[in-house]
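Asks: Input structure: run-v1.tsv, which contains TSV, C-alpha atoms.
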chain	number	residue	atom	x	y	z
A	13	MET	CA	0.79	18.55	19.40
A	14	VAL	CA	4.26	19.16	20.83
A	15	GLY	CA	5.43	16.89	23.62
A	16	THR	CA	8.33	17.10	26.06
A	17	PRO	CA	9.40	14.09	28.14
A	18	PRO	CA	10.10	14.33	31.86
A	19	VAL	CA	13.62	14.55	33.25
A	20	CYS	CA	15.76	11.44	33.59
A	21	ASN	CA	14.79	9.02	36.35
A	22	PHE	CA	18.35	7.83	37.03
A	23	GLY	CA	18.65	4.09	37.59
A	24	TRP	CA	15.11	3.22	36.40
A	25	LYS	CA	15.29	-0.23	34.83
A	26	ALA	CA	14.45	-0.76	31.16
A	27	PRO	CA	11.27	-2.80	30.70
A	28	ASP	CA	11.69	-5.85	28.50
A	29	PHE	CA	9.88	-6.18	25.19
A	30	THR	CA	9.64	-8.49	22.22
A	31	LEU	CA	8.66	-6.78	18.98
A	32	PRO	CA	8.68	-7.37	15.22
A	33	ALA	CA	11.45	-5.59	13.31
A	34	THR	CA	11.22	-4.21	9.79
A	35	ASP	CA	13.92	-6.68	8.69
A	36	GLY	CA	11.68	-9.68	9.45
A	37	ARG	CA	13.16	-10.62	12.82
A	38	THR	CA	11.45	-10.52	16.21
A	39	LEU	CA	13.71	-8.90	18.78
A	40	SER	CA	13.73	-8.44	22.54
A	41	LEU	CA	15.56	-5.97	24.72
A	42	THR	CA	18.12	-8.72	25.38
A	43	ASP	CA	18.72	-9.03	21.62
A	44	ILE	CA	19.49	-5.33	21.17
A	45	ARG	CA	21.32	-4.81	24.47
A	46	GLY	CA	24.92	-3.65	24.09
A	47	ALA	CA	27.84	-4.67	26.26
A	48	ARG	CA	28.55	-1.00	27.10
A	49	GLY	CA	25.01	0.41	27.10
A	50	THR	CA	21.73	0.50	25.22
A	51	LEU	CA	19.83	3.26	23.47
A	52	VAL	CA	16.08	2.85	22.92
A	53	MET	CA	14.55	5.56	20.73
A	54	PHE	CA	10.86	6.19	20.16
A	55	ILE	CA	10.49	7.63	16.66
A	56	CYS	CA	8.01	7.49	13.80
A	57	ASN	CA	7.97	8.12	10.07
A	58	HIS	CA	5.81	11.24	9.79
A	59	CYS	CA	6.93	13.50	12.67
A	60	PRO	CA	8.64	16.66	11.36
A	61	TYR	CA	10.94	16.68	14.41
A	62	VAL	CA	12.16	13.16	13.59
A	63	ILE	CA	12.40	13.91	9.86
A	64	GLY	CA	14.51	16.97	10.64
A	65	ILE	CA	17.10	14.96	12.61
A	66	ARG	CA	16.82	11.52	11.03
A	67	ASP	CA	20.18	11.79	9.25
A	68	ARG	CA	21.86	12.66	12.56
A	69	ILE	CA	20.07	9.81	14.35
A	70	VAL	CA	21.40	7.40	11.72
A	71	ARG	CA	24.92	8.89	12.00
A	72	ASP	CA	25.02	8.81	15.80
A	73	ALA	CA	23.47	5.35	16.06
A	74	GLY	CA	26.01	3.93	13.62
A	75	GLU	CA	28.86	5.41	15.64
A	76	LEU	CA	27.39	4.20	18.95
A	77	LEU	CA	27.00	0.66	17.64
A	78	LYS	CA	30.73	0.64	16.85
A	79	GLN	CA	31.35	1.59	20.51
A	80	GLY	CA	29.51	-1.50	21.84
A	81	ILE	CA	26.26	0.34	22.55
A	82	GLY	CA	23.10	-1.42	21.42
A	83	VAL	CA	20.57	0.73	19.57
A	84	ALA	CA	16.97	0.22	18.51
A	85	ALA	CA	14.14	2.47	17.39
A	86	ILE	CA	10.50	1.77	18.20
A	87	SER	CA	7.40	3.21	16.56
A	88	SER	CA	4.22	3.06	18.62
A	89	ASN	CA	1.99	5.51	16.79
A	90	ASP	CA	-1.58	4.65	15.85
A	91	ALA	CA	-1.15	3.63	12.20
A	92	THR	CA	-4.91	3.66	11.58
A	93	THR	CA	-5.03	7.41	12.15
A	94	TYR	CA	-1.47	7.98	10.86
A	95	PRO	CA	-0.98	5.51	7.96
A	96	ALA	CA	2.52	6.85	7.23
A	97	ASP	CA	3.56	5.20	10.52
A	98	GLY	CA	2.32	1.73	9.54
A	99	PHE	CA	4.65	-1.27	9.49
A	100	ASP	CA	4.99	-1.45	5.69
A	101	LYS	CA	5.93	2.24	5.55
A	102	MET	CA	8.38	1.70	8.41
A	103	ARG	CA	10.03	-1.10	6.42
A	104	GLU	CA	10.30	1.15	3.35
A	105	LEU	CA	11.86	3.96	5.36
A	106	ALA	CA	14.35	1.72	7.20
A	107	GLU	CA	15.55	0.33	3.87
A	108	ALA	CA	15.64	3.71	2.09
A	109	GLU	CA	17.56	5.39	4.93
A	110	ASN	CA	19.76	2.34	5.55
A	111	PHE	CA	19.05	2.29	9.29
A	112	PRO	CA	22.01	0.66	11.07
A	113	PHE	CA	19.69	-0.27	13.96
A	114	PRO	CA	16.53	-2.38	14.14
A	115	TYR	CA	13.29	-0.47	13.63
A	116	LEU	CA	10.63	-2.14	15.77
A	117	TYR	CA	6.85	-1.85	15.72
A	118	ALA	CA	4.85	-1.75	18.97
A	119	GLU	CA	1.36	-1.81	17.51
A	120	ASP	CA	-0.45	-2.30	20.84
A	121	GLN	CA	1.46	0.67	22.32
A	122	SER	CA	2.22	-1.18	25.57
A	123	VAL	CA	5.98	-0.68	25.18
A	124	ALA	CA	5.62	3.09	24.77
A	125	ARG	CA	3.36	3.14	27.83
A	126	GLY	CA	5.79	0.97	29.80
A	127	TYR	CA	8.66	3.31	29.01
A	128	GLY	CA	6.57	6.40	29.59
A	129	ALA	CA	7.42	7.65	26.10
A	130	ALA	CA	5.99	11.12	25.59
A	131	CYS	CA	7.00	12.19	22.11
A	132	THR	CA	8.86	11.41	18.93
A	133	PRO	CA	11.76	11.49	19.25
A	134	ASP	CA	12.15	10.30	22.84
A	135	PHE	CA	15.57	8.89	23.76
A	136	PHE	CA	16.27	6.45	26.61
A	137	GLY	CA	19.97	5.86	27.28
A	138	PHE	CA	20.79	2.93	29.55
A	139	ASN	CA	24.07	1.77	31.06
A	140	ALA	CA	25.38	-1.78	30.78
A	141	ASP	CA	23.12	-2.81	33.69
A	142	LEU	CA	20.06	-1.36	31.90
A	143	GLY	CA	19.71	1.48	34.38
A	144	LEU	CA	18.45	4.71	32.80
A	145	GLN	CA	21.14	7.38	32.61
A	146	TYR	CA	19.96	9.68	29.80
A	147	ARG	CA	16.60	11.07	28.73
A	148	GLY	CA	17.49	14.15	26.75
A	149	ARG	CA	17.72	15.66	23.32
A	150	LEU	CA	19.75	14.50	20.35
A	151	ASP	CA	21.73	17.70	20.01
A	152	ALA	CA	21.66	21.46	20.53
A	153	ALA	CA	20.38	22.34	17.05
A	154	ARG	CA	16.80	23.55	16.98
A	155	MET	CA	14.35	22.50	14.29
A	156	GLY	CA	15.32	24.16	11.03
A	157	GLN	CA	18.78	25.22	12.23
A	158	ASP	CA	22.04	24.14	10.68
A	159	PRO	CA	23.33	21.45	13.07
A	160	THR	CA	26.98	21.97	12.10
A	161	GLY	CA	28.93	22.46	15.28
A	162	ALA	CA	25.96	21.84	17.60
A	163	PRO	CA	26.94	19.82	20.68
A	164	ARG	CA	25.93	16.16	20.23
A	165	ASP	CA	24.18	15.72	23.58
A	166	LEU	CA	22.90	12.16	23.07
A	167	PHE	CA	26.08	10.84	21.49
A	168	ASN	CA	28.32	12.40	24.15
A	169	ALA	CA	26.04	11.18	26.95
A	170	MET	CA	26.05	7.62	25.62
A	171	ILE	CA	29.86	7.60	25.37
A	172	GLN	CA	30.06	8.90	28.96
A	173	ILE	CA	27.61	6.19	30.05
A	174	ALA	CA	29.64	3.51	28.24
A	175	ASP	CA	32.85	4.73	29.88
A	176	THR	CA	31.59	5.42	33.43
A	177	GLY	CA	28.15	3.81	33.82
A	178	ASP	CA	26.70	7.21	34.68
A	179	GLY	CA	25.00	9.81	32.53
A	180	PRO	CA	25.41	13.56	32.72
A	181	LYS	CA	23.58	15.19	35.63
A	182	ASP	CA	22.38	18.09	33.48
A	183	GLN	CA	20.16	17.06	30.59
A	184	ILE	CA	17.91	19.04	28.27
A	185	PRO	CA	14.73	17.14	27.36
A	186	SER	CA	13.93	16.15	23.81
A	187	MET	CA	11.04	17.85	22.09
A	188	GLY	CA	8.80	16.46	19.40
A	189	CYS	CA	5.34	15.42	18.35
A	190	SER	CA	3.29	13.66	20.99
A	191	ILE	CA	2.87	9.90	20.67
A	192	LYS	CA	-0.26	9.25	18.61
A	193	TRP	CA	-2.24	7.12	21.04
A	194	LYS	CA	-5.06	4.88	19.92
A	195	ASP	CA	-8.58	5.78	20.94
A	196	LYS	CA	-9.38	3.60	23.96
A	197	ASN	CA	-13.08	3.25	23.07
Take the structure in the file and give it back as structure tokens.

Replies:
Amino acid sequence: MVGTPPVCNFGWKAPDFTLPATDGRTLSLTDIRGARGTLVMFICNHCPYVIGIRDRIVRDAGELLKQGIGVAAISSNDATTYPADGFDKMRELAEAENFPFPYLYAEDQSVARGYGAACTPDFFGFNADLGLQYRGRLDAARMGQDPTGAPRDLFNAMIQIADTGDGPKDQIPSMGCSIKWKDKN
């Protein structure tokens, strides 16, 4: 099922979390927070939307980290129903793709609920004070399109946030697979 997150709620404060990372550490929001801003991404292993842009996520995250922007990815999908999104598979993917950011697992899904994550990928760009300034797409390329020359919406927004503290007023939401919620029975 396709999901689209709501528009940016400017200034909304990032909820704290403490989660296990695929590299063996346990990290909190404070641990990943950057001096110039923070990007929290909700992704997963199996989503075709994430798979289609994963190389660009890795590229942009690596460049943002060099700019003093903290970056982390969180997977919250139900790994019982979607085994490809389990922690061991996350670890394999993070190593194989050489993720420059921590890949965190929120098994109980409370972090995704706290953030109001709607889909994978869902990007939350915060300023240095952890006020939300971006909730949009990665770039202008559509699924299956050649991304060469496509405006880098997320990257450009995060640089603007790092430089000014404010995100762009016009944002185009991300689109992806809905979060795979656990059955509440």

Asks: For the point (30.6, -3.6, 20.7) in file coordinates, what residues are within 12 Å, counting all atoms listed in the file? Give the answer as a count of residues only?

Replies: 19

Asks: Find, counting only C-alpha atoms, the residue in A:Arg37, A:Lys181, A:Arg71, A:Arg103 that gets nearest to Phe22 in chain A.

Replies: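 Among the listed residues, the smallest separation from Phe22 in chain A belongs to A:Lys181.
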
Asks: Taking (0.1, -2.5, 24.1) in the file's own coordinates, collect the residues within 12 Å, counting only C-alpha atoms, and hand them back as a tab-separated table (two decimals) with C-alpha atoms, keeping the file's coordinate frame.

Replies:
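Below is the file part.tsv, written as the result:
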chain	number	residue	atom	x	y	z
A	29	PHE	CA	9.88	-6.18	25.19
A	30	THR	CA	9.64	-8.49	22.22
A	31	LEU	CA	8.66	-6.78	18.98
A	87	SER	CA	7.40	3.21	16.56
A	88	SER	CA	4.22	3.06	18.62
A	89	ASN	CA	1.99	5.51	16.79
A	90	ASP	CA	-1.58	4.65	15.85
A	117	TYR	CA	6.85	-1.85	15.72
A	118	ALA	CA	4.85	-1.75	18.97
A	119	GLU	CA	1.36	-1.81	17.51
A	120	ASP	CA	-0.45	-2.30	20.84
A	121	GLN	CA	1.46	0.67	22.32
A	122	SER	CA	2.22	-1.18	25.57
A	123	VAL	CA	5.98	-0.68	25.18
A	124	ALA	CA	5.62	3.09	24.77
A	125	ARG	CA	3.36	3.14	27.83
A	126	GLY	CA	5.79	0.97	29.80
A	127	TYR	CA	8.66	3.31	29.01
A	193	TRP	CA	-2.24	7.12	21.04
A	194	LYS	CA	-5.06	4.88	19.92
A	196	LYS	CA	-9.38	3.60	23.96

Asks: Rank nothing, just name the residue among A:Trp24, A:Pro60, A:Phe54, A:Tyr115 nearest to Gln145 in chain A, using all atoms listed in the file.

Replies: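 Using all atoms listed in the file, the shortest distance to Gln145 in chain A belongs to A:Trp24.
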
Asks: Between A:Ile191, A:Leu105, A:Ala73, A:Leu116, which one has atoms that come closest to Ser40 in chain A, using only C-alpha atoms?

Replies: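 Between A:Ile191, A:Leu105, A:Ala73, A:Leu116, the residue approaching Ser40 in chain A most closely is A:Leu116.
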
Asks: May I ask which of the residues A:Pro114, A:Gly64, A:Gly36, A:Pro17 is the closest one to Gly156 in chain A, counting all atoms listed in the file?

Replies: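 The answer is A:Gly64, which sits nearest to Gly156 in chain A.
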
Asks: Pro133 in chain A: which residues within 6 Å, counting only C-alpha atoms, same-chain residues fewer than 4 positions away excluded, as a list in words?

Replies: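 My list of contacting residues is Phe54, Ile55, Val62 and Gly188 of chain A.
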
Asks: What is the CA of Glu104 in chain A-CA of Asp28 in chain A distance in Å, reported with one decimal?

Replies: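 These atoms are spaced 26.1 Å apart.
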
Asks: Smallest atom-to-atom distance to Asp35 in chain A: which of A:Asp182, A:Asp67, A:Asp97, A:Glu107, using only C-alpha atoms?

Replies: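 Once distances to Asp35 in chain A are computed over only C-alpha atoms, the minimum belongs to A:Glu107.
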
Asks: How many Å separate CA of Phe138 in chain A from CA of Ala169 in chain A?

Replies: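 Computed distance, CA of Phe138 in chain A to CA of Ala169 in chain A, equals 10.1 Å.
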
Asks: Counting all atoms listed in the file, which residue out of A:Ser190, A:Gln183, A:Thr93, A:Asn57 sits closest to Ala129 in chain A?

Replies: A:Ser190

Asks: To one decimal in Å, tell me the separation between CA of Met170 in chain A and CA of Cys59 in chain A.

Replies: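 One can read the CA of Met170 in chain A to CA of Cys59 in chain A distance as 23.8 Å.
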
Asks: Would you kindly place N, CA, C and O atoms on range 75-96 of chain A and return the model as a short mmCIF file (atom, residue, chain, number, x, y, z; two decimals), in the frame of the given file?

Replies:
data_model
loop_
_atom_site.label_atom_id
_atom_site.label_comp_id
_atom_site.auth_asym_id
_atom_site.auth_seq_id
_atom_site.Cartn_x
_atom_site.Cartn_y
_atom_site.Cartn_z
N GLU A 75 27.65 5.23 14.86
CA GLU A 75 28.86 5.41 15.64
C GLU A 75 28.75 4.75 17.02
O GLU A 75 29.72 4.18 17.52
N LEU A 76 27.57 4.82 17.63
CA LEU A 76 27.39 4.20 18.95
C LEU A 76 27.47 2.68 18.86
O LEU A 76 28.04 2.03 19.75
N LEU A 77 26.91 2.11 17.82
CA LEU A 77 27.00 0.66 17.64
C LEU A 77 28.45 0.20 17.59
O LEU A 77 28.81 -0.84 18.16
N LYS A 78 29.30 0.98 16.94
CA LYS A 78 30.73 0.64 16.85
C LYS A 78 31.42 0.73 18.21
O LYS A 78 32.49 0.16 18.40
N GLN A 79 30.80 1.43 19.16
CA GLN A 79 31.35 1.59 20.51
C GLN A 79 30.80 0.54 21.49
O GLN A 79 31.03 0.64 22.70
N GLY A 80 30.05 -0.45 20.98
CA GLY A 80 29.51 -1.50 21.84
C GLY A 80 28.21 -1.11 22.53
O GLY A 80 27.82 -1.72 23.53
N ILE A 81 27.54 -0.11 22.00
CA ILE A 81 26.26 0.34 22.55
C ILE A 81 25.14 -0.16 21.64
O ILE A 81 25.15 0.13 20.44
N GLY A 82 24.23 -0.93 22.19
CA GLY A 82 23.10 -1.42 21.42
C GLY A 82 22.12 -0.29 21.15
O GLY A 82 21.92 0.58 21.98
N VAL A 83 21.51 -0.33 19.97
CA VAL A 83 20.57 0.73 19.57
C VAL A 83 19.37 0.10 18.89
O VAL A 83 19.52 -0.81 18.06
N ALA A 84 18.19 0.60 19.22
CA ALA A 84 16.97 0.22 18.51
C ALA A 84 16.02 1.40 18.51
O ALA A 84 16.04 2.23 19.42
N ALA A 85 15.20 1.47 17.47
CA ALA A 85 14.14 2.47 17.39
C ALA A 85 12.81 1.74 17.42
O ALA A 85 12.67 0.65 16.86
N ILE A 86 11.84 2.35 18.08
CA ILE A 86 10.50 1.77 18.20
C ILE A 86 9.48 2.82 17.74
O ILE A 86 9.56 3.97 18.12
N SER A 87 8.54 2.37 16.91
CA SER A 87 7.40 3.21 16.56
C SER A 87 6.17 2.62 17.23
O SER A 87 5.92 1.42 17.13
N SER A 88 5.43 3.49 17.91
CA SER A 88 4.22 3.06 18.62
C SER A 88 2.99 3.84 18.19
O SER A 88 1.94 3.70 18.80
N ASN A 89 3.12 4.68 17.19
CA ASN A 89 1.99 5.51 16.79
C ASN A 89 0.83 4.70 16.24
O ASN A 89 1.03 3.63 15.66
N ASP A 90 -0.36 5.24 16.39
CA ASP A 90 -1.58 4.65 15.85
C ASP A 90 -1.54 4.75 14.32
O ASP A 90 -1.71 5.84 13.75
N ALA A 91 -1.29 3.63 13.66
CA ALA A 91 -1.15 3.63 12.20
C ALA A 91 -2.50 3.71 11.49
O ALA A 91 -2.53 4.00 10.29
N THR A 92 -3.59 3.49 12.20
CA THR A 92 -4.91 3.66 11.58
C THR A 92 -5.15 5.14 11.32
O THR A 92 -5.59 5.54 10.24
N THR A 93 -4.86 5.96 12.29
CA THR A 93 -5.03 7.41 12.15
C THR A 93 -3.87 8.03 11.39
O THR A 93 -4.06 9.03 10.69
N TYR A 94 -2.67 7.46 11.51
CA TYR A 94 -1.47 7.98 10.86
C TYR A 94 -0.86 6.88 10.00
O TYR A 94 0.10 6.23 10.39
N PRO A 95 -1.42 6.62 8.80
CA PRO A 95 -0.98 5.51 7.96
C PRO A 95 0.50 5.57 7.57
O PRO A 95 1.11 4.52 7.32
N ALA A 96 1.10 6.75 7.56
CA ALA A 96 2.52 6.85 7.23
C ALA A 96 3.39 6.16 8.28
O ALA A 96 4.56 5.88 8.02
#
